[in-house]
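Asker: Please see the structure below; I have some questions.
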Amino acid sequence: MPPVTAAARALGAGGLHVLVPRDVPATPDADAARRAAEEELAKPVYRETESLRMRIWQWLAEHLDPRGAVPGVPAWLSVLIVVLLVTALVVVLVVLFTRITWARRVTRPGDPLFDDDRDAAALARAADTAAGRGDWTTAVVERFRAIVRTLDERGALEDYPGMTAHEAAVLASRPLGGMAPQMHEAARLFDAVRYGRVVSTSEQDAWMRAFAEQVARTPLVPAMPAGQVTP
């Protein structure tokens with residue numbers, strides 16, 4: 001029966017019917033569904049809603065690809081150069097951060113030498129205890145304090161509140177005679193270890209211990225008045 005005749009009969013029966021041609025399938029096949037999906041996704045509205053993360057990633061991939069970062073060289077060499085530069089930058093940043101950390105730890109170069117009034121024997125015991133547990137920083141610091149306190153107790157110098165390691169070394173130069181350079185070296189080591197400019201080692205502790213023993217055995221001359229200290 002022709003389609004026009006079928007439609008006329010349907011209207012004449014008093015009802016309005018939607019007629020679907022017999023040659024059109026009710027469900028599209030796979031190819032038709034794929035084409036419809038591609039056409040739908042190709043609409044501008046979907047491109048405009050692309051995620052920000054994807055845009056950033058695409059920009060990085062286009063502009064920061066190490067394979068093309070160095071023009072005129074093979075891709076592998078370009079990647080190698082980029083890796084070396086990044087590694088060097090990280091090393092520089094680590095060194096700078098370490099130095100800044102050390103600088104912050106140095107509150108004031110002329111901080112007082114002593115924090116309390118312990119005698120030389122007590123300071124030496126504290127140094128021995130610290131060395132026994134591997135705390136070389138405390139061992140070196142306490143050993144130098146014991147040296148200075150020993151010189152004070154033997155009358156070789158006059159200890160006073162607020163005295164620094166440098167001032168103690170200057171005061172001890174005359175009574176120690178030929179050992180004055182070692183005293184200045186010990187004062188520099190004390191400051192470097194105390195304020196974190198160096199990490200103390202067992203060798204430094206052994207050197208400071210040997211110097212303390214040498215000071216204890218050395219005959220000393222009378223003390224220089226504290227007021228005669230010069231930079």
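Residue numbers start at 1 in each chain; chains themselves are named A, B, ... in the order of the structure tokens; ligands are numbered from 1 in the order shown.
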Sorted by chain and rising residue number, which residues of segment 181-206 of chain A lie within 8 Å of segment 132-150 of chain A, and what are their closest atom pairs and distances in Å to one decimal, counting only C-alpha atoms, as JSON lines?
Answerer:
{"residue": "A:Ala186", "atom": "CA", "partner": "A:Phe144", "partner_atom": "CA", "distance": 7.0}
{"residue": "A:Ala187", "atom": "CA", "partner": "A:Phe144", "partner_atom": "CA", "distance": 7.4}
{"residue": "A:Phe190", "atom": "CA", "partner": "A:Val141", "partner_atom": "CA", "distance": 5.6}
{"residue": "A:Val193", "atom": "CA", "partner": "A:Thr137", "partner_atom": "CA", "distance": 6.1}
{"residue": "A:Arg194", "atom": "CA", "partner": "A:Val141", "partner_atom": "CA", "distance": 6.5}
{"residue": "A:Val199", "atom": "CA", "partner": "A:Thr137", "partner_atom": "CA", "distance": 7.3}
{"residue": "A:Ser200", "atom": "CA", "partner": "A:Thr137", "partner_atom": "CA", "distance": 5.2}
{"residue": "A:Thr201", "atom": "CA", "partner": "A:Trp136", "partner_atom": "CA", "distance": 5.7}
{"residue": "A:Ser202", "atom": "CA", "partner": "A:Trp136", "partner_atom": "CA", "distance": 6.0}
{"residue": "A:Gln204", "atom": "CA", "partner": "A:Val140", "partner_atom": "CA", "distance": 7.1}
{"residue": "A:Asp205", "atom": "CA", "partner": "A:Val140", "partner_atom": "CA", "distance": 5.3}
Asker: Write out as a compact mmCIF listing (two decimals) with N, CA, C and O atoms, in the first residue's frame the set of residues from segment 88-228 of chain A that DSSP, computed on the backbone, places in helix (DSSP H, G or I).
Answerer:
# COMPACT_ATOMS: atom_id res chain seq x y z
N ALA A 88 72.30 21.25 38.44
CA ALA A 88 73.17 22.32 38.94
C ALA A 88 72.36 23.38 39.69
O ALA A 88 72.79 23.88 40.74
N LEU A 89 71.18 23.70 39.18
CA LEU A 89 70.33 24.68 39.85
C LEU A 89 69.90 24.19 41.23
O LEU A 89 69.91 24.95 42.20
N VAL A 90 69.55 22.91 41.33
CA VAL A 90 69.15 22.35 42.62
C VAL A 90 70.31 22.40 43.61
O VAL A 90 70.14 22.74 44.78
N VAL A 91 71.52 22.07 43.14
CA VAL A 91 72.69 22.10 44.03
C VAL A 91 72.94 23.52 44.54
O VAL A 91 73.20 23.74 45.72
N VAL A 92 72.84 24.50 43.64
CA VAL A 92 73.05 25.90 44.05
C VAL A 92 72.01 26.32 45.08
O VAL A 92 72.33 26.98 46.08
N LEU A 93 70.76 25.95 44.86
CA LEU A 93 69.71 26.31 45.81
C LEU A 93 69.95 25.66 47.17
O LEU A 93 69.72 26.30 48.22
N VAL A 94 70.39 24.41 47.19
CA VAL A 94 70.67 23.73 48.45
C VAL A 94 71.80 24.43 49.20
O VAL A 94 71.74 24.65 50.41
N VAL A 95 72.87 24.81 48.47
CA VAL A 95 73.99 25.50 49.10
C VAL A 95 73.56 26.84 49.67
O VAL A 95 73.91 27.20 50.80
N LEU A 96 72.78 27.60 48.90
CA LEU A 96 72.30 28.90 49.37
C LEU A 96 71.42 28.74 50.60
O LEU A 96 71.53 29.51 51.57
N PHE A 97 70.53 27.74 50.57
CA PHE A 97 69.65 27.53 51.71
C PHE A 97 70.45 27.15 52.95
O PHE A 97 70.15 27.62 54.06
N THR A 98 71.48 26.33 52.77
CA THR A 98 72.32 25.93 53.90
C THR A 98 73.05 27.12 54.49
O THR A 98 73.11 27.29 55.72
N ARG A 99 73.58 27.98 53.64
CA ARG A 99 74.30 29.16 54.14
C ARG A 99 73.36 30.12 54.85
O ARG A 99 73.72 30.72 55.87
N ILE A 100 72.15 30.27 54.31
CA ILE A 100 71.18 31.15 54.97
C ILE A 100 70.81 30.60 56.34
O ILE A 100 70.67 31.34 57.32
N THR A 101 70.66 29.28 56.42
CA THR A 101 70.35 28.65 57.70
C THR A 101 71.46 28.89 58.71
O THR A 101 71.21 29.21 59.88
N TRP A 102 72.70 28.73 58.28
CA TRP A 102 73.84 29.01 59.17
C TRP A 102 73.84 30.46 59.62
O TRP A 102 74.08 30.76 60.79
N ALA A 103 73.59 31.37 58.67
CA ALA A 103 73.61 32.79 59.02
C ALA A 103 72.54 33.12 60.06
O ALA A 103 72.75 33.94 60.95
N ARG A 104 71.40 32.49 59.95
CA ARG A 104 70.33 32.74 60.92
C ARG A 104 70.68 32.22 62.30
O ARG A 104 70.22 32.74 63.31
N ARG A 105 71.47 31.15 62.32
CA ARG A 105 71.86 30.59 63.62
C ARG A 105 72.87 31.46 64.35
O ARG A 105 73.03 31.38 65.56
N ALA A 120 86.43 24.49 85.94
CA ALA A 120 87.10 23.80 84.85
C ALA A 120 86.85 22.29 84.88
O ALA A 120 86.65 21.66 83.84
N ALA A 121 86.86 21.70 86.07
CA ALA A 121 86.66 20.26 86.18
C ALA A 121 85.27 19.85 85.70
O ALA A 121 85.10 18.85 84.99
N ALA A 122 84.24 20.64 86.09
CA ALA A 122 82.88 20.33 85.67
C ALA A 122 82.72 20.47 84.17
O ALA A 122 82.04 19.65 83.51
N LEU A 123 83.33 21.49 83.59
CA LEU A 123 83.26 21.67 82.14
C LEU A 123 83.97 20.54 81.40
O LEU A 123 83.49 20.06 80.37
N ALA A 124 85.11 20.10 81.94
CA ALA A 124 85.84 19.00 81.31
C ALA A 124 85.03 17.71 81.37
O ALA A 124 85.00 16.93 80.41
N ARG A 125 84.35 17.48 82.50
CA ARG A 125 83.50 16.28 82.60
C ARG A 125 82.35 16.35 81.62
O ARG A 125 81.98 15.33 81.01
N ALA A 126 81.78 17.52 81.45
CA ALA A 126 80.69 17.67 80.48
C ALA A 126 81.19 17.38 79.07
O ALA A 126 80.48 16.75 78.26
N ALA A 127 82.40 17.83 78.75
CA ALA A 127 82.97 17.55 77.43
C ALA A 127 83.20 16.06 77.25
O ALA A 127 82.92 15.50 76.18
N ASP A 128 83.72 15.38 78.28
CA ASP A 128 83.95 13.94 78.19
C ASP A 128 82.63 13.19 78.00
O ASP A 128 82.56 12.24 77.20
N THR A 129 81.60 13.60 78.72
CA THR A 129 80.30 12.93 78.60
C THR A 129 79.73 13.10 77.19
O THR A 129 79.21 12.15 76.60
N ALA A 130 79.84 14.32 76.66
CA ALA A 130 79.32 14.57 75.31
C ALA A 130 80.09 13.76 74.26
O ALA A 130 79.50 13.17 73.35
N ALA A 131 81.41 13.68 74.43
CA ALA A 131 82.21 12.89 73.49
C ALA A 131 81.86 11.41 73.59
O ALA A 131 81.87 10.70 72.59
N GLY A 132 81.55 10.95 74.78
CA GLY A 132 81.20 9.55 74.96
C GLY A 132 79.94 9.15 74.21
O GLY A 132 79.80 7.99 73.80
N TRP A 136 79.86 15.65 69.26
CA TRP A 136 81.14 16.34 69.12
C TRP A 136 80.99 17.85 69.24
O TRP A 136 81.93 18.52 69.70
N THR A 137 79.85 18.39 68.87
CA THR A 137 79.63 19.83 68.99
C THR A 137 79.71 20.27 70.45
O THR A 137 80.46 21.19 70.80
N THR A 138 78.95 19.60 71.31
CA THR A 138 78.99 19.94 72.73
C THR A 138 80.35 19.67 73.33
O THR A 138 80.85 20.44 74.17
N ALA A 139 80.99 18.59 72.89
CA ALA A 139 82.32 18.24 73.42
C ALA A 139 83.33 19.34 73.13
O ALA A 139 84.10 19.75 74.01
N VAL A 140 83.35 19.84 71.89
CA VAL A 140 84.31 20.88 71.52
C VAL A 140 84.02 22.17 72.27
O VAL A 140 84.93 22.83 72.79
N VAL A 141 82.74 22.55 72.34
CA VAL A 141 82.37 23.80 73.01
C VAL A 141 82.72 23.75 74.50
O VAL A 141 83.35 24.68 75.05
N GLU A 142 82.35 22.67 75.16
CA GLU A 142 82.61 22.57 76.59
C GLU A 142 84.11 22.45 76.89
O GLU A 142 84.61 22.96 77.89
N ARG A 143 84.87 21.81 75.98
CA ARG A 143 86.31 21.66 76.19
C ARG A 143 87.01 23.02 76.11
O ARG A 143 87.91 23.31 76.91
N PHE A 144 86.61 23.84 75.17
CA PHE A 144 87.23 25.16 75.09
C PHE A 144 86.89 25.99 76.32
O PHE A 144 87.74 26.71 76.85
N ARG A 145 85.65 25.91 76.77
CA ARG A 145 85.28 26.62 77.98
C ARG A 145 86.12 26.14 79.17
O ARG A 145 86.53 26.95 80.02
N ALA A 146 86.37 24.83 79.23
CA ALA A 146 87.20 24.29 80.31
C ALA A 146 88.61 24.85 80.24
O ALA A 146 89.23 25.13 81.27
N ILE A 147 89.14 25.02 79.01
CA ILE A 147 90.48 25.58 78.86
C ILE A 147 90.53 26.99 79.42
O ILE A 147 91.44 27.36 80.18
N VAL A 148 89.55 27.81 79.03
CA VAL A 148 89.53 29.20 79.48
C VAL A 148 89.34 29.27 80.99
O VAL A 148 90.01 30.05 81.69
N ARG A 149 88.48 28.42 81.52
CA ARG A 149 88.24 28.43 82.97
C ARG A 149 89.49 27.96 83.71
O ARG A 149 89.80 28.44 84.81
N THR A 150 90.22 27.02 83.12
CA THR A 150 91.48 26.58 83.71
C THR A 150 92.48 27.73 83.79
O THR A 150 93.16 27.92 84.82
N LEU A 151 92.60 28.48 82.71
CA LEU A 151 93.51 29.63 82.70
C LEU A 151 93.09 30.67 83.74
O LEU A 151 93.94 31.28 84.40
N ASP A 152 91.79 30.83 83.92
CA ASP A 152 91.30 31.77 84.93
C ASP A 152 91.64 31.27 86.33
O ASP A 152 92.12 32.04 87.19
N GLU A 153 91.42 29.97 86.58
CA GLU A 153 91.68 29.41 87.91
C GLU A 153 93.17 29.41 88.24
O GLU A 153 93.56 29.49 89.41
N ALA A 165 84.95 34.38 73.10
CA ALA A 165 86.05 33.46 72.82
C ALA A 165 87.25 34.22 72.25
O ALA A 165 88.40 33.93 72.60
N HIS A 166 87.00 35.18 71.40
CA HIS A 166 88.12 35.97 70.84
C HIS A 166 88.84 36.74 71.94
O HIS A 166 90.08 36.79 71.96
N GLU A 167 88.08 37.35 72.82
CA GLU A 167 88.70 38.11 73.91
C GLU A 167 89.50 37.19 74.82
O GLU A 167 90.59 37.56 75.30
N ALA A 168 88.99 36.00 75.07
CA ALA A 168 89.72 35.04 75.90
C ALA A 168 91.03 34.65 75.23
O ALA A 168 92.08 34.52 75.89
N ALA A 169 91.01 34.46 73.91
CA ALA A 169 92.24 34.11 73.20
C ALA A 169 93.26 35.23 73.26
O ALA A 169 94.46 34.98 73.41
N VAL A 170 92.80 36.48 73.15
CA VAL A 170 93.71 37.62 73.23
C VAL A 170 94.33 37.71 74.63
O VAL A 170 95.54 37.91 74.79
N LEU A 171 93.51 37.54 75.66
CA LEU A 171 94.01 37.59 77.03
C LEU A 171 95.00 36.47 77.32
O LEU A 171 95.93 36.63 78.11
N ALA A 172 94.77 35.31 76.67
CA ALA A 172 95.63 34.15 76.94
C ALA A 172 96.92 34.16 76.13
O ALA A 172 97.80 33.33 76.36
N SER A 173 97.03 35.08 75.18
CA SER A 173 98.20 35.08 74.30
C SER A 173 99.50 35.25 75.08
O SER A 173 100.48 34.54 74.86
N ARG A 174 99.54 36.18 76.00
CA ARG A 174 100.77 36.45 76.75
C ARG A 174 101.12 35.30 77.70
O ARG A 174 102.27 34.82 77.68
N PRO A 175 100.20 34.84 78.55
CA PRO A 175 100.58 33.75 79.45
C PRO A 175 100.90 32.45 78.74
O PRO A 175 101.72 31.65 79.23
N LEU A 176 100.32 32.21 77.57
CA LEU A 176 100.58 30.97 76.85
C LEU A 176 101.84 31.04 76.00
O LEU A 176 102.38 30.00 75.60
N GLY A 177 102.32 32.23 75.72
CA GLY A 177 103.55 32.36 74.94
C GLY A 177 103.44 31.74 73.56
O GLY A 177 102.61 32.13 72.73
N GLY A 178 104.28 30.72 73.29
CA GLY A 178 104.30 30.08 71.98
C GLY A 178 103.03 29.32 71.63
O GLY A 178 102.85 28.93 70.46
N MET A 179 102.17 29.08 72.58
CA MET A 179 100.92 28.38 72.30
C MET A 179 99.79 29.34 71.94
O MET A 179 98.66 28.91 71.72
N ALA A 180 100.09 30.63 71.83
CA ALA A 180 99.06 31.62 71.52
C ALA A 180 98.36 31.33 70.19
O ALA A 180 97.13 31.44 70.09
N PRO A 181 99.11 30.97 69.11
CA PRO A 181 98.41 30.67 67.85
C PRO A 181 97.41 29.53 67.99
O PRO A 181 96.33 29.57 67.38
N GLN A 182 97.75 28.51 68.76
CA GLN A 182 96.81 27.41 68.97
C GLN A 182 95.58 27.87 69.74
O GLN A 182 94.47 27.40 69.49
N MET A 183 95.78 28.80 70.68
CA MET A 183 94.64 29.32 71.44
C MET A 183 93.69 30.08 70.52
O MET A 183 92.46 29.94 70.64
N HIS A 184 94.23 30.87 69.63
CA HIS A 184 93.38 31.59 68.67
C HIS A 184 92.66 30.61 67.74
O HIS A 184 91.49 30.83 67.39
N GLU A 185 93.37 29.56 67.33
CA GLU A 185 92.72 28.55 66.49
C GLU A 185 91.60 27.85 67.25
O GLU A 185 90.53 27.57 66.68
N ALA A 186 91.82 27.57 68.52
CA ALA A 186 90.78 26.94 69.34
C ALA A 186 89.57 27.86 69.48
O ALA A 186 88.42 27.39 69.45
N ALA A 187 89.82 29.17 69.63
CA ALA A 187 88.71 30.13 69.74
C ALA A 187 87.91 30.18 68.45
O ALA A 187 86.67 30.24 68.47
N ARG A 188 88.60 30.16 67.31
CA ARG A 188 87.90 30.17 66.02
C ARG A 188 87.07 28.89 65.84
O ARG A 188 85.94 28.94 65.33
N LEU A 189 87.64 27.76 66.25
CA LEU A 189 86.89 26.51 66.15
C LEU A 189 85.67 26.54 67.07
O LEU A 189 84.58 26.08 66.68
N PHE A 190 85.83 27.08 68.27
CA PHE A 190 84.71 27.21 69.20
C PHE A 190 83.57 28.00 68.56
O PHE A 190 82.41 27.58 68.58
N ASP A 191 83.88 29.16 67.99
CA ASP A 191 82.84 29.99 67.37
C ASP A 191 82.19 29.28 66.19
O ASP A 191 80.97 29.31 66.02
N ALA A 192 83.02 28.64 65.34
CA ALA A 192 82.48 27.98 64.16
C ALA A 192 81.54 26.84 64.52
O ALA A 192 80.48 26.65 63.91
N VAL A 193 81.93 26.08 65.55
CA VAL A 193 81.09 24.95 65.97
C VAL A 193 79.86 25.43 66.71
O VAL A 193 78.74 24.96 66.47
N ARG A 194 80.03 26.39 67.59
CA ARG A 194 78.91 26.87 68.40
C ARG A 194 77.81 27.48 67.56
O ARG A 194 76.62 27.30 67.83
N SER A 202 84.92 14.07 65.35
CA SER A 202 85.72 13.46 66.42
C SER A 202 87.17 13.93 66.35
O SER A 202 87.83 14.04 67.40
N GLU A 203 87.68 14.22 65.15
CA GLU A 203 89.05 14.72 65.02
C GLU A 203 89.20 16.09 65.68
O GLU A 203 90.21 16.38 66.34
N GLN A 204 88.19 16.95 65.51
CA GLN A 204 88.24 18.26 66.16
C GLN A 204 88.18 18.13 67.68
O GLN A 204 88.87 18.85 68.41
N ASP A 205 87.36 17.20 68.15
CA ASP A 205 87.30 16.97 69.60
C ASP A 205 88.64 16.47 70.12
O ASP A 205 89.11 16.91 71.18
N ALA A 206 89.27 15.56 69.37
CA ALA A 206 90.57 15.03 69.80
C ALA A 206 91.63 16.14 69.81
O ALA A 206 92.47 16.20 70.73
N TRP A 207 91.59 17.03 68.82
CA TRP A 207 92.55 18.13 68.79
C TRP A 207 92.35 19.07 69.99
O TRP A 207 93.30 19.47 70.65
N MET A 208 91.07 19.40 70.26
CA MET A 208 90.78 20.29 71.39
C MET A 208 91.16 19.63 72.71
O MET A 208 91.68 20.30 73.63
N ARG A 209 90.96 18.32 72.83
CA ARG A 209 91.33 17.60 74.05
C ARG A 209 92.85 17.63 74.25
O ARG A 209 93.33 17.88 75.36
N ALA A 210 93.60 17.38 73.16
CA ALA A 210 95.06 17.40 73.26
C ALA A 210 95.56 18.80 73.62
O ALA A 210 96.51 18.94 74.41
N PHE A 211 94.93 19.82 73.06
CA PHE A 211 95.33 21.18 73.39
C PHE A 211 95.04 21.50 74.85
O PHE A 211 95.86 22.14 75.54
N ALA A 212 93.90 21.03 75.35
CA ALA A 212 93.56 21.26 76.76
C ALA A 212 94.60 20.60 77.67
O ALA A 212 95.02 21.18 78.69
N GLU A 213 95.04 19.39 77.33
CA GLU A 213 96.04 18.70 78.13
C GLU A 213 97.38 19.44 78.07
O GLU A 213 98.10 19.52 79.08
N GLN A 214 97.69 19.99 76.90
CA GLN A 214 98.94 20.73 76.76
C GLN A 214 98.91 22.01 77.59
O GLN A 214 99.91 22.37 78.24
N VAL A 215 97.76 22.69 77.60
CA VAL A 215 97.62 23.91 78.40
C VAL A 215 97.77 23.58 79.88
O VAL A 215 98.41 24.32 80.65
N ALA A 216 97.21 22.46 80.30
CA ALA A 216 97.26 22.09 81.71
C ALA A 216 98.70 21.82 82.17
O ALA A 216 99.02 22.01 83.36
N ARG A 217 99.58 21.39 81.26
CA ARG A 217 100.96 21.07 81.62
C ARG A 217 101.92 22.25 81.45
O ARG A 217 103.06 22.18 81.90
N ALA A 226 92.33 42.67 82.16
CA ALA A 226 91.28 42.58 81.15
C ALA A 226 91.14 43.84 80.35
O ALA A 226 90.76 43.84 79.18
N GLY A 227 91.42 44.97 80.95
CA GLY A 227 91.26 46.23 80.24
C GLY A 227 92.23 46.43 79.11
O GLY A 227 92.07 47.35 78.32
N GLN A 228 93.26 45.58 78.98
CA GLN A 228 94.25 45.73 77.94
C GLN A 228 93.93 44.90 76.69
O GLN A 228 94.75 44.79 75.80
Asker: Rounded to one decimal, what separation in Å do you get between atom CA of Asp119 of chain A and atom CA of Leu220 of chain A?
Answerer: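 Interatomic distance, atom CA of Asp119 of chain A to atom CA of Leu220 of chain A: 18.8 Å.
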Asker: Quick one: distance from atom CA of Ala75 of chain A to atom CA of Trp59 of chain A in Å, one decimal?
Answerer: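 Taking atom CA of Ala75 of chain A and atom CA of Trp59 of chain A, their separation equals 19.2 Å.
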